[in-house]
4 protein chains.
Amino acid sequence: MQAIKELDAQLTVFEEMESAVRSYIRSFPTTFSKAKGSTMWDTNGKAYIDFFAGAGALNYGHNHPKMKEALLSYIAEDGITHSLDMGTKAKANFLTNFNEIILKPRNLEYKVMFPGPTGTNTVESALKLARKVTGRELVISFTNAFHGMTIGALSITGNSFKRHGAGVSLNNSVAMPFDQYLGDEVDTVDYLEKFLEDSGSGVALPAAIILETVQGEGGLNVANPEWLKRVEELCRRWDILLIIDDVQAGCGRTGTFFSFESADINPDIVCLSKSISGYGTPMALTLIKPEYDIWGPGEHNGTFRGHNLAFITATEALNFWKDDEFSKDIIEKGLLVDEFLKRIVSQYPELEGEVRGKGLFRGIACGVEGLADKICAQAFEKGLIMETSGPSSEVFKIMPPLNIDREALNKGFAIVEASIKACLK
Amino acid sequence: MQAIKELDAQLTVFEEMESAVRSYIRSFPTTFSKAKGSTMWDTNGKAYIDFFAGAGALNYGHNHPKMKEALLSYIAEDGITHSLDMGTKAKANFLTNFNEIILKPRNLEYKVMFPGPTGTNTVESALKLARKVTGRELVISFTNAFHGMTIGALSITGNSFKRHGAGVSLNNSVAMPFDQYLGDEVDTVDYLEKFLEDSGSGVALPAAIILETVQGEGGLNVANPEWLKRVEELCRRWDILLIIDDVQAGCGRTGTFFSFESADINPDIVCLSKSISGYGTPMALTLIKPEYDIWGPGEHNGTFRGHNLAFITATEALNFWKDDEFSKDIIEKGLLVDEFLKRIVSQYPELEGEVRGKGLFRGIACGVEGLADKICAQAFEKGLIMETSGPSSEVFKIMPPLNIDREALNKGFAIVEASIKACLK
Amino acid sequence: MQAIKELDAQLTVFEEMESAVRSYIRSFPTTFSKAKGSTMWDTNGKAYIDFFAGAGALNYGHNHPKMKEALLSYIAEDGITHSLDMGTKAKANFLTNFNEIILKPRNLEYKVMFPGPTGTNTVESALKLARKVTGRELVISFTNAFHGMTIGALSITGNSFKRHGAGVSLNNSVAMPFDQYLGDEVDTVDYLEKFLEDSGSGVALPAAIILETVQGEGGLNVANPEWLKRVEELCRRWDILLIIDDVQAGCGRTGTFFSFESADINPDIVCLSKSISGYGTPMALTLIKPEYDIWGPGEHNGTFRGHNLAFITATEALNFWKDDEFSKDIIEKGLLVDEFLKRIVSQYPELEGEVRGKGLFRGIACGVEGLADKICAQAFEKGLIMETSGPSSEVFKIMPPLNIDREALNKGFAIVEASIKACLK
Amino acid sequence: MQAIKELDAQLTVFEEMESAVRSYIRSFPTTFSKAKGSTMWDTNGKAYIDFFAGAGALNYGHNHPKMKEALLSYIAEDGITHSLDMGTKAKANFLTNFNEIILKPRNLEYKVMFPGPTGTNTVESALKLARKVTGRELVISFTNAFHGMTIGALSITGNSFKRHGAGVSLNNSVAMPFDQYLGDEVDTVDYLEKFLEDSGSGVALPAAIILETVQGEGGLNVANPEWLKRVEELCRRWDILLIIDDVQAGCGRTGTFFSFESADINPDIVCLSKSISGYGTPMALTLIKPEYDIWGPGEHNGTFRGHNLAFITATEALNFWKDDEFSKDIIEKGLLVDEFLKRIVSQYPELEGEVRGKGLFRGIACGVEGLADKICAQAFEKGLIMETSGPSSEVFKIMPPLNIDREALNKGFAIVEASIKACLK
């Protein structure tokens, strides 16, 4: 009783003090205090399995022990915390290791930009640079894309509610149909190509084409490798920069470090954030092919682009990628999720469900309005954190930490199924 | 010799791996590894007095022991690190204390929004909200304003190099002359008023007027209280929202927690970031008068708006403001800086210097082109970190941690003077 | 010889004095002095058959005798020439007759706006009004649309050369695929519908959809009645205003007064210009459903919106439409053109020709690059005025005055065929 | 009685059929049928002295006999009426004479562009070209400017009602204070200069500065020659194109053919329309310094850019300028107007009047709200056509045909004075 009162008291704080813009607290109405791996606890002591992973910012789970250790030791020794874009040992280490562990083995050569520690910031920096490189203004994005909430990033985001929030018209962008937007039989790259090659189409040659290989917020829409290849070819044909926004799909979420590895494409700019720091602390990178790194010093900047605590954990997190064990494990567990979801869809036809996704980035699109939200609400009560996405919140997403163990995964499955049953009753 | 080699090696990493956009490392070409209070050390063991304070993000100095302790203990206990905008104990504590220590004693009533952990993010959220509240699109900002680097914030920033970097035209904004922009004798609010009251002026009624009370990046231009009062009156007369961007000038930099306290104005929205976390970790707030908090849930969001490590140190940092001792001390030390700078200007007329600023946010505008940069370069060699600002980098800024002790301050003064002498030789 | 010298002298005037922007004089390098019906004469006395009709502004031929008579008499009697939007007898007569002869028999009820005497002006007024009525900003137009050259009209025009000429980014518009843009098998309205009904598509609900039922400049692309019907249905479903730009296709060019009559749709706004004055003098109308006529007085204006000389001839021109004889004749002659073009295409496969168009708005799209232009150049030498259109100038257009007699038509055909033969040699 | 009924009947036509956007008919509620010189007659036979001159489109009065004769003869002989931008004898004659009579004697060298026959069209073409020449996007205009109603021209127009009518945000423009906008003591060019030379001002280097030397719609604000000179100097210093919009102030209205002659400046682009055709028929010119005439063929076009009836009367109108008699007469009569207005202001202090203007472009700004409109309404009843301008319609304008005789002028004065008396009673 005491605990519940405290809990209520704390929720009152948010109602009284926090802006109406708050959202997840409405789906998960409690006060969290502790977390470890794939478990979160609220102040009431209740434990929750995490199938949400900080919307993709916690791919290595909460408070990973090795990162924690590195962080504690760095802080204890008064390692420099905040450094703008000065040189620091922590940054040097990160850069060296990122190159050795991530870039070189993948035959990728990129300059690394620290654009400010959020996803929207890396996207804004990528847009600026593409426009500078090409001297063009237009950027092509795709239906149901999500790239961030600042005006530049918002202009290439699909969601009408979020776009409307801009309060001004969003310009210099055109939305093209993502893979399979018009069903299985239409190759939407044909459409894009037609607009680009016809000088009367009303769509100018763009500075860049930006895309997520798997659209997380957009409803777990997966682009096929062939489609990605064709988009890359269009970019090469007209000297358009290809920007992959790997903020959510990157850092292993789809099974490989970069989401585009399996498509064998070579983006000109890559946006990373969310799990790049490994520990849930703010960090972002913009990777730039050396020939396009034509920034003037300070042409894009920001106060927190030198967040060394994040560099420390980010360097530690790179160790997951020293060999391909981690990748294999993600893919395997992803198949378990897929199997589970397929069974669910066939066993509960009332869901009118469709399995979507890739790696540990999967879910079910429900044909019944409002159902996905209800399932997530049930799951929360039963001790599982899970969220929806898609233009009508029609998809519930299984998006646990990548290093979740099979036991927790299965426990989570059980809660998901129980929640579905409860909702369909 | 060994150390120098290592240093060189590390700088090579940045040259090879980091984007050409890096800037401060060009002014301060070394690799930092450790910091404490107002001192920074590089990997070579060389100590530097910090008259820069992370461009205003380190008002309480580097790695403040109490914040450090709180942080270490929170991490050690697996306090939740990343929480989006879910409820957490760390956030609840911060909100309660922010209200009790900061808002209530100042008779301010604001809803608190966590807009993503950077200055540009709070500014973008403020612009969106002002446009939503008023249904208008235009925002008025001021000459030499700096509000951030994403497209929305950039549209109200003055610097042409940074604006040009956008690569697209920056719209829905008009720049008006800041206080004293046209010299002592012109009250620039007259000008603003004329444009607003004349329906043929070509300037529509704006959604908001946004300003920094002291323009840091713009060259330490201080708005007089009367000028601020008059701007506020215009806002009231035409139902324009008054937004104070206190990202750099706030959190005590000018002597009071909010920079606008001495002007006795009551902004509708306040943007805070930089030193709000106290420890140099990314965090930002948007404070909103309750009647204007009309956001829909999630209408503006971001992955790192729930950075609990920052909430922990931010809560600790609030203790500085429990009484007015800290404020008094800042003002006193500010006067010492002022005294020092005035002496310098009169003793070294070759500087063609003009003292500017307020609180511990001061500096000298040099009439000789390129001189301020040279002085900073000299200071760096002599063990002092100091930067320039202003449209032509003509102002060198004395901007130490607010809790710097007098001894360090004086040591810094000595280096500044020695650097000036060296440059004027 | 004398004449040729004079001709050369006059062309020199244009080269010396007229801007490089001049274009038709490059295709038709002579100096015209006289015209009557479907014949033009240059200063050299050479006669040309007119298969161009002032790009659709001379649907009743040059200097029609009845209009000429009315005009001469009005001028001789000092009828008022210029009246802004004051009331004049000439305007009252036009309005009354336009209502009686055009609107009422077609069961159309429109308020008539005089928006300034050019096509781009009526389009700009239509866009403004649609945005005012709906409170939305976006306008949807179609691939290969042409709506005019001022910034508002240009933003919904497809041609990249013309768009680029704006020198600024063209906003608040989205280009959708016109009928058959993606081939016979794709109904492009499906595509449009998908973008409108998906709240994540990145395309907001528009204020208006604007289209030409036959795209003249865009290459004689004809929208099918069913396609137009479906577009109208989408407009009704989402309260989008349907604007028909009938500047070129209207005033009988396709066989009926309005080009959309055969599709049985009921546009909310109709743009008319070009042949509305009948005599080639500047005039334009914007027709507005009464419920949407919410303009404030003078909210859109212009100096020459009261060009009474044009009202006089325009009123006279309406007599062509008092019964359906004229319409029948256009359609019949249109079929003659169609027959001729079909024969040409089959007889000269080297053209890689495709017959396009409707009414007396027809032509052949040539598959061979540059060929259409060459044919027109040949025709000019042989005494025929004919122009190309389409994104690559690939279509030559048979677009004579609507009242051309069969003899002239056949003479023109003969020149066209001879020109083709000459080019294919 | 009969006549009045007919009149009413005709006004009913406009109410029933014409859009609510109509405006002048509300101030002058009658139906005009005839006009000659400085007199207009309505269908009721009532005569009106014209102190309005078609808002500057009828500088040579209504239906000037020589132009009328030329026009009748051209039409009778089937001179070509409509020619797009093909070569015609009428155009060649106009160009030759314009060069000989206007340009050469003033040592001006311009290429002549026919941009479509309205003021807004010449302005749009000038903006496009300036942006193309400089590669910049921004255009600087002035407070209370009026340049037209299409989106490009509207973006540089001051009036908020008209701007709001755009329905979209108007971009790529900045409004600077016109001469004397801030009173006698402030030289507003200082202000403009400060914004241009300060790289932190938020105002980029513009493609062009566009201005009217006398702002007609803006309230008869006259720029001093020194002010114009200084603006030109700024343009030269930063390679900004100087565009003079002489649509209303040109063609003799201020006493010289171009309004800027007395200021001895040399604009890069000049916009002409309104009275350039002489007869009130639609026509416009864009004059371009040869070095800036870098248009591609057809990069800006329009159906009615070859309106030969207008070329015929325009050529005739040039004869007014063969010597300086006409100019002298305008200036003399302008002084009569000035004298009259000064007496009025001093004799009727209740007007709180301020005399404004230049040449035959003069009026009184009334300090009493709504008074100027009332005076015009009274004048209409008493047989005088006169309109107001200024952001609050506070200025009544004396703007007769330039060739009005002294008798009519004095008769007009008497009506103006009687109207004032009636209003002040």
# chains A, B, ... in the order shown; residues from 1 in each chain; ligands from 1
>>> interface_residues(of="chain B", to="chain C", cutoff="12 Å", atoms="only C-alpha atoms", output="ChimeraX atom specification")
/B:135,167-171
>>> select_by_dssp(residues="region 167-412 of chain C", states="strand (DSSP E or B)", output="PyMOL selection string")
chain C and resi 173-176+208-211+214-215+221-222+241-245+269-272+285-288+307+353-358+361-366+384-385+387-389+395-398
>>> residues_around(residues="region 397-401 of chain C", least_positions_apart="3", cutoff="6 Å", atoms="only C-alpha atoms", output="list in words")
Asp50, Phe51, Phe52, Ala53, Asn59, Tyr60, Gly61, Leu360, Phe361, Arg362, Gly363, Glu387, Thr388 and Ile404 of chain C
>>> residues_around(residues="Val21 (chain D)", least_positions_apart="4", cutoff="9 Å", atoms="only C-alpha atoms", output="PyMOL selection string")
chain C and resi 113-114+293-301
>>> select_by_dssp(residues="region 205-291 of chain C", states="helix (DSSP H, G or I)", output="NGL selection string")
:C and (225-237 or 261-263 or 274-277 or 290-291)
>>> residues_around(residues="Asp187 (chain A)", least_positions_apart="4", cutoff="12 Å", atoms="only C-alpha atoms", output="list in words")
Met176, Pro177, Phe178, Asp179, Gln180, Tyr181, Leu182, Gly183, Tyr191, Leu192, Glu193, Lys194, Ala223, Asn224, Glu226, Trp227, Leu228, Arg230 and Val231 of chain A; Leu182 of chain C
>>> residues_around(residues="region 75-89 of chain D", least_positions_apart="5", cutoff="7 Å", atoms="only C-alpha atoms", output="ChimeraX atom specification")
/C:22-25,28,30-36,54,63,280-281 /D:303-309
>>> atom_distance(atom1="CA of Leu285 (chain A)", atom2="CA of Ser273 (chain A)")
6.2 Å
>>> residues_around(residues="region 340-349 of chain B", least_positions_apart="6", cutoff="10 Å", atoms="only C-alpha atoms", output="PyMOL selection string")
chain B and resi 334+355-356+362-367+398+410+413-414+416-417+420-421+424
>>> closest_residue(among="D:Glu124, D:Glu369, D:Glu407, D:Glu100", to="Ser155 (chain D)", atoms="only C-alpha atoms")
D:Glu124
>>> atom_distance(atom1="CA of Ser201 (chain C)", atom2="CA of Phe146 (chain A)")
10.7 Å
>>> decode(residues="region 294-310 of chain D", atoms="N, CA, C and O atoms", output="PDB file, in the first residue's frame")
ATOM      1  N   ILE D 294      20.938  36.988 -69.623  1.00  0.00           N
ATOM      2  CA  ILE D 294      21.453  35.623 -69.794  1.00  0.00           C
ATOM      3  C   ILE D 294      20.331  34.586 -69.801  1.00  0.00           C
ATOM      4  O   ILE D 294      20.545  33.411 -69.505  1.00  0.00           O
ATOM      5  N   TRP D 295      19.157  35.009 -70.102  1.00  0.00           N
ATOM      6  CA  TRP D 295      18.021  34.080 -70.233  1.00  0.00           C
ATOM      7  C   TRP D 295      18.305  32.991 -71.270  1.00  0.00           C
ATOM      8  O   TRP D 295      18.892  33.249 -72.307  1.00  0.00           O
ATOM      9  N   GLY D 296      17.824  31.811 -70.984  1.00  0.00           N
ATOM     10  CA  GLY D 296      17.679  30.821 -72.046  1.00  0.00           C
ATOM     11  C   GLY D 296      16.387  31.115 -72.808  1.00  0.00           C
ATOM     12  O   GLY D 296      15.459  31.694 -72.242  1.00  0.00           O
ATOM     13  N   PRO D 297      16.315  30.724 -74.098  1.00  0.00           N
ATOM     14  CA  PRO D 297      15.087  30.971 -74.876  1.00  0.00           C
ATOM     15  C   PRO D 297      13.868  30.342 -74.199  1.00  0.00           C
ATOM     16  O   PRO D 297      13.872  29.148 -73.889  1.00  0.00           O
ATOM     17  N   GLY D 298      12.859  31.167 -73.944  1.00  0.00           N
ATOM     18  CA  GLY D 298      11.629  30.658 -73.343  1.00  0.00           C
ATOM     19  C   GLY D 298      11.723  30.345 -71.865  1.00  0.00           C
ATOM     20  O   GLY D 298      10.799  29.748 -71.307  1.00  0.00           O
ATOM     21  N   GLU D 299      12.810  30.773 -71.231  1.00  0.00           N
ATOM     22  CA  GLU D 299      12.956  30.445 -69.796  1.00  0.00           C
ATOM     23  C   GLU D 299      11.874  31.150 -68.961  1.00  0.00           C
ATOM     24  O   GLU D 299      11.534  30.712 -67.878  1.00  0.00           O
ATOM     25  N   HIS D 300      11.414  32.260 -69.460  1.00  0.00           N
ATOM     26  CA  HIS D 300      10.186  32.864 -68.911  1.00  0.00           C
ATOM     27  C   HIS D 300       9.310  33.159 -70.127  1.00  0.00           C
ATOM     28  O   HIS D 300       9.799  33.729 -71.103  1.00  0.00           O
ATOM     29  N   ASN D 301       8.053  32.772 -70.086  1.00  0.00           N
ATOM     30  CA  ASN D 301       7.214  33.090 -71.239  1.00  0.00           C
ATOM     31  C   ASN D 301       5.782  33.396 -70.829  1.00  0.00           C
ATOM     32  O   ASN D 301       5.510  33.636 -69.650  1.00  0.00           O
ATOM     33  N   GLY D 302       4.879  33.397 -71.780  1.00  0.00           N
ATOM     34  CA  GLY D 302       3.490  33.764 -71.499  1.00  0.00           C
ATOM     35  C   GLY D 302       2.766  33.991 -72.813  1.00  0.00           C
ATOM     36  O   GLY D 302       3.371  34.446 -73.788  1.00  0.00           O
ATOM     37  N   THR D 303       1.491  33.693 -72.819  1.00  0.00           N
ATOM     38  CA  THR D 303       0.720  33.721 -74.060  1.00  0.00           C
ATOM     39  C   THR D 303       0.581  35.117 -74.656  1.00  0.00           C
ATOM     40  O   THR D 303       0.610  35.296 -75.861  1.00  0.00           O
ATOM     41  N   PHE D 304       0.420  36.119 -73.772  1.00  0.00           N
ATOM     42  CA  PHE D 304       0.077  37.445 -74.284  1.00  0.00           C
ATOM     43  C   PHE D 304       1.253  38.420 -74.289  1.00  0.00           C
ATOM     44  O   PHE D 304       1.066  39.620 -74.219  1.00  0.00           O
ATOM     45  N   ARG D 305       2.484  37.871 -74.379  1.00  0.00           N
ATOM     46  CA  ARG D 305       3.632  38.769 -74.399  1.00  0.00           C
ATOM     47  C   ARG D 305       3.781  39.447 -75.762  1.00  0.00           C
ATOM     48  O   ARG D 305       4.587  40.357 -75.908  1.00  0.00           O
ATOM     49  N   GLY D 306       2.997  39.022 -76.768  1.00  0.00           N
ATOM     50  CA  GLY D 306       3.047  39.674 -78.073  1.00  0.00           C
ATOM     51  C   GLY D 306       1.694  40.275 -78.406  1.00  0.00           C
ATOM     52  O   GLY D 306       1.031  39.830 -79.339  1.00  0.00           O
ATOM     53  N   HIS D 307       1.303  41.289 -77.670  1.00  0.00           N
ATOM     54  CA  HIS D 307      -0.006  41.919 -77.840  1.00  0.00           C
ATOM     55  C   HIS D 307       0.185  43.150 -78.728  1.00  0.00           C
ATOM     56  O   HIS D 307       0.454  44.251 -78.274  1.00  0.00           O
ATOM     57  N   ASN D 308       0.020  42.925 -80.028  1.00  0.00           N
ATOM     58  CA  ASN D 308       0.403  43.957 -80.997  1.00  0.00           C
ATOM     59  C   ASN D 308      -0.471  45.205 -80.977  1.00  0.00           C
ATOM     60  O   ASN D 308       0.007  46.286 -81.302  1.00  0.00           O
ATOM     61  N   LEU D 309      -1.732  45.071 -80.586  1.00  0.00           N
ATOM     62  CA  LEU D 309      -2.558  46.282 -80.471  1.00  0.00           C
ATOM     63  C   LEU D 309      -1.904  47.243 -79.480  1.00  0.00           C
ATOM     64  O   LEU D 309      -1.894  48.461 -79.682  1.00  0.00           O
ATOM     65  N   ALA D 310      -1.358  46.671 -78.418  1.00  0.00           N
ATOM     66  CA  ALA D 310      -0.677  47.514 -77.437  1.00  0.00           C
ATOM     67  C   ALA D 310       0.606  48.103 -78.014  1.00  0.00           C
ATOM     68  O   ALA D 310       0.953  49.254 -77.734  1.00  0.00           O
TER      69      ALA D 310
END
